[in-house]
$ cat start39.csv   # CSV, C-alpha atoms
chain,number,residue,atom,x,y,z
A,1,MET,CA,86.6,9.4,46.0
A,2,SER,CA,87.5,6.4,43.9
A,3,ALA,CA,85.9,3.0,44.5
A,4,PRO,CA,87.9,0.6,46.8
A,5,ASP,CA,90.1,-1.9,45.0
A,6,PRO,CA,88.1,-5.2,44.7
A,7,ARG,CA,91.3,-7.1,45.6
A,8,ALA,CA,91.7,-5.2,48.8
A,9,LEU,CA,88.0,-5.8,49.7
A,10,ARG,CA,88.4,-9.6,48.9
A,11,ALA,CA,91.5,-9.8,51.1
A,12,GLU,CA,89.7,-8.0,53.9
A,13,ALA,CA,86.6,-10.3,53.6
A,14,LEU,CA,88.9,-13.3,53.7
A,15,GLU,CA,90.7,-12.0,56.8
A,16,SER,CA,87.4,-11.3,58.6
A,17,LEU,CA,86.2,-14.8,57.8
A,18,LEU,CA,89.4,-16.4,59.0
A,19,VAL,CA,89.4,-14.4,62.2
A,20,GLU,CA,85.6,-15.1,62.8
A,21,LYS,CA,86.2,-18.9,62.4
A,22,GLY,CA,89.2,-18.7,64.8
A,23,LEU,CA,91.7,-19.8,62.2
A,24,VAL,CA,94.0,-16.8,62.5
A,25,ASP,CA,94.9,-14.4,65.2
A,26,PRO,CA,94.6,-10.8,64.0
A,27,ALA,CA,97.4,-9.8,66.3
A,28,ALA,CA,99.7,-12.4,64.6
A,29,VAL,CA,98.8,-11.0,61.2
A,30,ASP,CA,99.6,-7.5,62.3
A,31,ALA,CA,102.9,-8.7,63.8
A,32,VAL,CA,103.9,-10.4,60.5
A,33,ILE,CA,103.0,-7.3,58.5
A,34,ARG,CA,104.9,-5.0,60.9
A,35,HIS,CA,107.9,-7.3,60.8
A,36,TYR,CA,108.1,-7.2,57.0
A,37,GLU,CA,107.4,-3.5,56.9
A,38,GLU,CA,109.8,-2.3,59.6
A,39,ASP,CA,112.4,-5.0,60.4
A,40,VAL,CA,113.1,-6.7,57.1
A,41,GLY,CA,113.7,-5.1,53.8
A,42,PRO,CA,116.3,-4.1,51.2
A,43,MET,CA,118.4,-2.4,53.9
A,44,ASN,CA,119.4,-5.9,55.0
A,45,GLY,CA,120.7,-6.9,51.6
A,46,ALA,CA,122.4,-3.5,51.3
A,47,ARG,CA,124.4,-4.2,54.4
A,48,VAL,CA,125.4,-7.6,53.0
A,49,VAL,CA,126.5,-6.0,49.7
A,50,ALA,CA,128.4,-3.1,51.4
A,51,ARG,CA,130.3,-5.6,53.6
A,52,ALA,CA,131.2,-7.7,50.5
A,53,TRP,CA,132.6,-4.5,48.9
A,54,THR,CA,134.7,-3.7,51.9
A,55,ASP,CA,135.7,-7.1,53.2
A,56,PRO,CA,137.3,-9.4,50.6
A,57,GLU,CA,137.2,-12.4,52.9
A,58,TYR,CA,133.5,-11.9,53.5
A,59,LYS,CA,132.9,-11.6,49.8
A,60,THR,CA,134.7,-14.9,49.2
A,61,ARG,CA,132.5,-16.6,51.9
A,62,LEU,CA,129.4,-14.9,50.5
A,63,LEU,CA,130.0,-16.2,46.9
A,64,ASP,CA,130.9,-19.6,48.3
A,65,ASP,CA,128.0,-20.2,50.7
A,66,ALA,CA,125.6,-17.2,50.7
A,67,THR,CA,123.2,-18.7,53.2
A,68,ALA,CA,125.9,-19.0,55.9
A,69,ALA,CA,127.5,-15.7,55.1
A,70,ILE,CA,124.2,-13.9,55.2
A,71,ALA,CA,123.3,-15.7,58.5
A,72,GLU,CA,126.6,-14.3,59.9
A,73,MET,CA,124.9,-10.9,59.7
A,74,SER,CA,121.8,-12.3,61.5
A,75,PHE,CA,119.6,-12.3,58.4
A,76,ALA,CA,117.7,-15.5,58.0
A,77,GLY,CA,114.2,-16.8,57.8
A,78,PRO,CA,111.5,-17.9,55.4
A,79,GLN,CA,112.4,-17.6,51.7
A,80,GLY,CA,116.1,-17.2,52.7
A,81,GLU,CA,116.9,-20.8,53.7
A,82,HIS,CA,118.9,-21.4,50.5
A,83,MET,CA,120.6,-18.4,49.2
A,84,VAL,CA,123.0,-17.9,46.2
A,85,VAL,CA,124.7,-14.6,45.5
A,86,VAL,CA,125.7,-13.8,41.9
A,87,GLU,CA,128.3,-11.2,41.3
A,88,ASN,CA,128.2,-8.5,38.6
A,89,THR,CA,131.5,-7.8,36.9
A,90,PRO,CA,132.4,-5.4,34.1
A,91,GLY,CA,131.7,-8.3,31.7
A,92,VAL,CA,128.7,-10.0,33.3
A,93,HIS,CA,125.4,-8.6,34.5
A,94,ASN,CA,122.9,-10.7,36.5
A,95,LEU,CA,119.2,-10.4,36.7
A,96,VAL,CA,116.8,-12.3,38.9
A,97,VAL,CA,113.3,-13.4,38.1
A,98,CYS,CA,110.8,-16.0,39.1
A,99,THR,CA,108.9,-16.9,36.0
A,100,LEU,CA,106.7,-19.5,37.6
A,101,CYS,CA,105.4,-17.4,40.6
A,102,SER,CA,107.1,-14.7,42.7
A,103,CYS,CA,110.0,-16.4,44.6
A,104,TYR,CA,112.1,-13.7,46.3
A,105,PRO,CA,114.7,-13.6,49.1
A,106,TRP,CA,112.6,-12.1,51.9
A,107,PRO,CA,115.3,-11.9,54.7
A,108,VAL,CA,117.5,-9.6,52.6
A,109,LEU,CA,115.0,-7.8,50.3
A,110,GLY,CA,111.7,-7.9,52.2
A,111,LEU,CA,108.6,-8.6,50.3
A,112,PRO,CA,108.7,-8.3,46.5
A,113,PRO,CA,107.5,-5.2,44.7
A,114,ALA,CA,104.3,-5.5,42.6
A,115,TRP,CA,106.2,-5.3,39.3
A,116,TYR,CA,108.4,-8.2,40.2
A,117,LYS,CA,105.2,-10.4,40.4
A,118,SER,CA,103.6,-8.9,37.3
A,119,PRO,CA,103.1,-10.6,33.9
A,120,ALA,CA,104.8,-7.5,32.4
A,121,TYR,CA,108.1,-8.4,34.1
A,122,ARG,CA,108.3,-12.2,34.4
A,123,PRO,CA,108.1,-13.5,30.9
A,124,ARG,CA,110.0,-10.5,29.4
A,125,ALA,CA,112.9,-11.0,31.8
A,126,VAL,CA,113.4,-14.3,30.0
A,127,ARG,CA,112.3,-13.6,26.4
A,128,GLU,CA,113.7,-10.0,25.9
A,129,PRO,CA,115.6,-9.0,29.1
A,130,ARG,CA,117.8,-6.4,27.4
A,131,ALA,CA,114.8,-4.5,26.1
A,132,LEU,CA,113.1,-4.8,29.4
A,133,LEU,CA,116.1,-3.5,31.3
A,134,ALA,CA,116.5,-0.6,28.8
A,135,GLU,CA,112.9,0.3,29.5
A,136,MET,CA,113.6,0.2,33.2
A,137,GLY,CA,116.5,2.6,32.7
A,138,LEU,CA,119.4,0.2,32.5
A,139,SER,CA,121.2,0.0,29.2
A,140,LEU,CA,123.8,-2.8,28.9
A,141,ALA,CA,126.5,-2.8,26.3
A,142,GLU,CA,126.0,-5.5,23.7
A,143,ASP,CA,129.1,-7.4,24.7
A,144,VAL,CA,128.1,-7.6,28.4
A,145,GLU,CA,126.9,-11.1,29.1
A,146,LEU,CA,123.4,-11.0,30.7
A,147,ARG,CA,122.7,-13.9,33.0
A,148,VAL,CA,119.1,-14.3,34.0
A,149,CYS,CA,118.5,-16.4,37.0
A,150,ASP,CA,115.1,-18.0,37.1
A,151,SER,CA,114.3,-19.0,40.7
A,152,SER,CA,112.4,-22.1,39.6
A,153,ALA,CA,113.3,-24.2,42.7
A,154,GLU,CA,113.9,-23.5,46.4
A,155,ILE,CA,117.1,-21.4,45.9
A,156,ARG,CA,116.7,-17.6,46.2
A,157,TYR,CA,119.1,-15.2,44.4
A,158,LEU,CA,120.7,-11.9,45.4
A,159,VAL,CA,122.7,-9.8,42.9
A,160,LEU,CA,126.0,-8.4,44.2
A,161,PRO,CA,126.2,-5.2,42.1
A,162,ASP,CA,129.3,-3.5,40.9
A,163,ARG,CA,130.7,-1.0,43.4
A,164,PRO,CA,130.3,2.4,41.8
A,165,ALA,CA,133.4,4.4,41.1
A,166,GLY,CA,134.4,7.3,43.4
A,167,THR,CA,133.4,5.5,46.6
A,168,GLN,CA,136.8,4.4,47.9
A,169,HIS,CA,136.5,6.8,50.8
A,170,LEU,CA,133.1,5.6,52.0
A,171,SER,CA,132.5,3.4,55.0
A,172,ALA,CA,130.5,0.2,54.7
A,173,GLU,CA,127.6,2.0,56.4
A,174,GLU,CA,127.7,4.9,53.9
A,175,LEU,CA,128.0,2.4,51.0
A,176,ALA,CA,125.0,0.5,52.2
A,177,GLY,CA,123.0,3.7,51.9
A,178,LEU,CA,123.7,3.7,48.1
A,179,VAL,CA,122.6,0.1,47.5
A,180,THR,CA,119.0,-0.1,46.2
A,181,ARG,CA,116.6,-3.0,46.1
A,182,ASP,CA,116.5,-2.8,42.3
A,183,ALA,CA,120.3,-3.1,42.0
A,184,MET,CA,120.1,-6.3,44.1
A,185,ILE,CA,117.4,-7.7,41.8
A,186,GLY,CA,119.6,-6.7,38.8
A,187,VAL,CA,117.3,-4.1,37.2
A,188,ALA,CA,119.5,-1.2,38.1
A,189,ARG,CA,123.1,-0.2,38.8
A,190,VAL,CA,124.2,1.3,42.1
A,191,ALA,CA,124.5,5.0,41.4
A,192,PRO,CA,127.6,6.8,42.7
A,193,PRO,CA,126.9,9.3,45.5
A,194,GLU,CA,126.0,12.9,44.6
A,195,GLY,CA,129.1,14.9,43.8
A,196,ALA,CA,131.4,11.9,43.2
A,197,ASP,CA,133.9,12.6,40.5
A,198,GLY,CA,133.8,9.0,39.3
B,1,MET,CA,122.0,-32.1,29.6
B,2,ARG,CA,118.6,-31.8,28.0
B,3,ALA,CA,115.5,-30.7,29.8
B,4,ARG,CA,112.9,-33.3,29.1
B,5,ASP,CA,109.8,-32.4,27.2
B,6,HIS,CA,108.0,-33.1,30.5
B,7,THR,CA,104.4,-31.9,30.6
B,8,PRO,CA,102.8,-33.8,33.5
B,9,PRO,CA,99.0,-33.5,34.0
B,10,GLY,CA,99.6,-31.9,37.5
B,11,HIS,CA,102.1,-29.6,39.1
B,12,THR,CA,105.7,-29.1,37.9
B,13,ARG,CA,108.4,-26.5,38.3
B,14,LEU,CA,110.0,-27.1,34.9
B,15,PRO,CA,109.5,-23.8,33.0
B,16,GLY,CA,107.9,-24.4,29.6
B,17,TYR,CA,110.5,-22.4,27.7
B,18,ALA,CA,113.3,-24.9,28.8
B,19,ARG,CA,111.4,-28.0,27.8
B,20,GLY,CA,113.4,-30.1,25.2
B,21,ARG,CA,116.3,-27.6,25.3
B,22,VAL,CA,120.0,-28.4,25.8
B,23,GLY,CA,121.9,-26.7,28.5
B,24,ARG,CA,124.9,-27.2,30.7
B,25,VAL,CA,125.0,-27.7,34.5
B,26,VAL,CA,126.6,-24.6,36.0
B,27,ARG,CA,126.0,-25.4,39.7
B,28,VAL,CA,124.9,-28.4,41.8
B,29,HIS,CA,122.8,-27.1,44.7
B,30,PRO,CA,124.1,-28.9,47.7
B,31,GLY,CA,121.6,-31.2,49.5
B,32,ALA,CA,118.5,-33.0,48.6
B,33,TRP,CA,115.4,-31.2,47.6
B,34,VAL,CA,111.7,-31.9,47.9
B,35,PHE,CA,110.4,-32.8,44.5
B,36,PRO,CA,107.4,-30.5,43.8
B,37,ASP,CA,105.8,-32.7,41.1
B,38,THR,CA,105.1,-35.4,43.8
B,39,ASN,CA,104.9,-33.3,46.9
B,40,ALA,CA,102.1,-31.1,45.4
B,41,HIS,CA,100.0,-34.1,44.9
B,42,ASP,CA,100.5,-35.8,48.3
B,43,ARG,CA,102.7,-38.4,46.8
B,44,GLY,CA,105.7,-37.7,49.1
B,45,GLU,CA,108.8,-35.6,49.1
B,46,ASP,CA,110.8,-37.9,46.8
B,47,PRO,CA,114.0,-36.0,47.4
B,48,GLN,CA,116.0,-35.0,44.3
B,49,VAL,CA,119.3,-33.4,43.3
B,50,ALA,CA,118.8,-29.8,42.0
B,51,TYR,CA,121.0,-28.1,39.5
B,52,ALA,CA,121.3,-24.7,38.0
B,53,VAL,CA,121.4,-25.3,34.3
B,54,GLY,CA,122.7,-22.6,31.9
B,55,PHE,CA,121.0,-22.2,28.5
B,56,SER,CA,121.9,-19.7,25.8
B,57,ALA,CA,119.0,-17.5,24.7
B,58,ARG,CA,119.8,-18.6,21.2
B,59,ASP,CA,119.2,-22.3,22.1
B,60,LEU,CA,116.0,-21.4,23.8
B,61,PHE,CA,114.5,-18.9,21.4
B,62,GLY,CA,116.4,-19.4,18.1
B,63,ALA,CA,117.5,-16.5,16.0
B,64,SER,CA,115.4,-14.0,18.0
B,65,GLY,CA,117.3,-14.9,21.2
B,66,ASP,CA,120.0,-12.5,22.2
B,67,PRO,CA,123.5,-13.9,21.5
B,68,ALA,CA,125.0,-12.6,24.8
B,69,THR,CA,122.1,-13.7,27.1
B,70,ARG,CA,122.1,-16.9,29.2
B,71,LEU,CA,119.4,-18.2,31.3
B,72,HIS,CA,120.2,-20.0,34.5
B,73,VAL,CA,117.3,-22.2,35.5
B,74,ASP,CA,117.1,-24.3,38.7
B,75,LEU,CA,116.0,-27.8,37.7
B,76,PHE,CA,115.4,-31.1,39.5
B,77,GLU,CA,117.1,-34.2,38.3
B,78,PRO,CA,114.0,-35.9,36.9
B,79,TYR,CA,113.6,-33.0,34.6
B,80,LEU,CA,116.9,-33.7,32.9
B,81,GLU,CA,118.4,-36.3,30.6
B,82,ALA,CA,121.8,-36.7,29.1
B,83,ALA,CA,122.3,-34.9,25.8
B,84,PRO,CA,124.7,-36.3,23.3

$ encode --input "start39.csv" --output "structure tokens"
Amino acid sequence: MSAPDPRALRAEALESLLVEKGLVDPAAVDAVIRHYEEDVGPMNGARVVARAWTDPEYKTRLLDDATAAIAEMSFAGPQGEHMVVVENTPGVHNLVVCTLCSCYPWPVLGLPPAWYKSPAYRPRAVREPRALLAEMGLSLAEDVELRVCDSSAEIRYLVLPDRPAGTQHLSAEELAGLVTRDAMIGVARVAPPEGADG
Amino acid sequence: MRARDHTPPGHTRLPGYARGRVGRVVRVHPGAWVFPDTNAHDRGEDPQVAYAVGFSARDLFGASGDPATRLHVDLFEPYLEAAP
């Protein structure tokens, strides 16, 4: 058996102390964790993206005032108070990073993956983003403009990915099933469904 | 606009790579925003305008910057000055 992760031990020790001193209620901590594990996550953002793909008026509202358009779908809360949605097009690809910490749009994507917070991702997303994306499996043509959004203030960004070819027949619900967290951060494309002829 | 070469002794949200670099405002974020440089030190919220400022990777990193990459950085007004 491997030794326990010292960070996990430290977090546990801190939690025990906070509970012992009556500063936090363990049931509240469990409720927050359960909320972000079960109720909030990339499936929310995927529904926003799928609706934008299938409802042009919604897409216009989303690009104009993302906070309000996302709230229409009942997604709101901490780290989603001020949203901007950036649209990928054949000529422009957007990538989101927070170089200063780990700012991330919780109501639509849940909690950030470990790599998003890592020193391997954050500086390279600014300094050599094309090489980084290629390593993550996304090769961009040289003439595609890459826009890197650094969430350095209170605004949180969501990428509206390109709708894959061969999906005209799919419903918004089916489309939402194709949209991944990574595509909404901008480190991947949305793959067409299995068997699509493109 | 030019991002000031602003290196306060305390907290700031001006990324180091943008300091002293010239960019263009691409979006004004509506509303007034708590200024982290004062708020983090109990000196009040000092509300400011916030902008998304676009920089080319070439302007940020010189010849090693990718010619087709732009950085959009959210910056508070006190971080910026007019560039000729």

$ closest_atom_pairs --input "start39.csv" --of "chain A" --to "chain B" --cutoff "8 Å" --atoms "all atoms listed in the file" --output "Markdown table"
| residue | atom | partner | partner_atom | distance |
| --- | --- | --- | --- | --- |
| A:Thr99 | CA | B:Pro15 | CA | 7.5 |
| A:Leu100 | CA | B:Pro15 | CA | 6.9 |
| A:Val126 | CA | B:Leu71 | CA | 7.3 |
| A:Arg127 | CA | B:Gly65 | CA | 7.3 |
| A:Glu128 | CA | B:Gly65 | CA | 7.7 |
| A:Glu142 | CA | B:Ala68 | CA | 7.3 |
| A:Asp143 | CA | B:Ala68 | CA | 6.6 |
| A:Val144 | CA | B:Ala68 | CA | 6.9 |
| A:Glu145 | CA | B:Ala68 | CA | 4.9 |
| A:Leu146 | CA | B:Thr69 | CA | 4.7 |
| A:Arg147 | CA | B:Arg70 | CA | 4.9 |
| A:Val148 | CA | B:Leu71 | CA | 4.8 |
| A:Cys149 | CA | B:His72 | CA | 4.7 |
| A:Asp150 | CA | B:Val73 | CA | 5.0 |
| A:Ser151 | CA | B:Asp74 | CA | 6.3 |
| A:Ser152 | CA | B:Asp74 | CA | 5.3 |
| A:Ala153 | CA | B:Asp74 | CA | 5.5 |
| A:Glu154 | CA | B:Trp33 | CA | 7.9 |
| A:Ile155 | CA | B:Asp74 | CA | 7.8 |

$ closest_residue --input "start39.csv" --among "B:Arg27, B:Met1, B:Thr7, B:Arg19" --to "Ala82 in chain B" --atoms "all atoms listed in the file"
B:Met1

$ residues_around --input "start39.csv" --residues "Gly10 in chain B" --least-positions-apart "3" --cutoff "9 Å" --atoms "all atoms listed in the file" --output "ChimeraX atom specification"
/B:7,37,40-41

$ residues_around --input "start39.csv" --residues "range 44-52 of chain A" --least-positions-apart "3" --cutoff "9 Å" --atoms "only C-alpha atoms" --output "number ranges by chain"
A: 39-41, 55-60, 62, 69-70, 73, 75, 107-110, 158-161, 163, 171-181, 184

$ atom_distance --input "start39.csv" --atom1 "CA of Thr67 in chain A" --atom2 "CA of Glu87 in chain A"
15.0 Å

$ closest_residue --input "start39.csv" --among "A:Ala11, A:Leu111, A:Ala120, A:Leu63" --to "Asn88 in chain A" --atoms "all atoms listed in the file"
A:Leu63

$ atom_distance --input "start39.csv" --atom1 "CA of Val49 in chain B" --atom2 "CA of Glu81 in chain A"
16.5 Å

$ residues_around --input "start39.csv" --residues "Tyr104 in chain A" --least-positions-apart "5" --cutoff "7 Å" --atoms "all atoms listed in the file" --output "VMD selection string"
chain A and resid 79 112 156

$ write_last_selection --input "start39.csv" --atoms "C-alpha atoms" --output "short mmCIF file (atom, residue, chain, number, x, y, z; two decimals), in the coordinates of the input"
data_model
loop_
_atom_site.label_atom_id
_atom_site.label_comp_id
_atom_site.auth_asym_id
_atom_site.auth_seq_id
_atom_site.Cartn_x
_atom_site.Cartn_y
_atom_site.Cartn_z
CA GLN A 79 112.40 -17.60 51.70
CA PRO A 112 108.70 -8.30 46.50
CA ARG A 156 116.70 -17.60 46.20
#

$ atom_distance --input "start39.csv" --atom1 "CA of Trp53 in chain A" --atom2 "CA of Cys98 in chain A"
26.5 Å

$ residues_near_point --input "start39.csv" --point "(126.1, -33.3, 23.2)" --cutoff "10 Å" --atoms "all atoms listed in the file" --output "list in words"
Met1, Arg2, Val22, Gly23, Arg24, Ala82, Ala83 and Pro84 of chain B
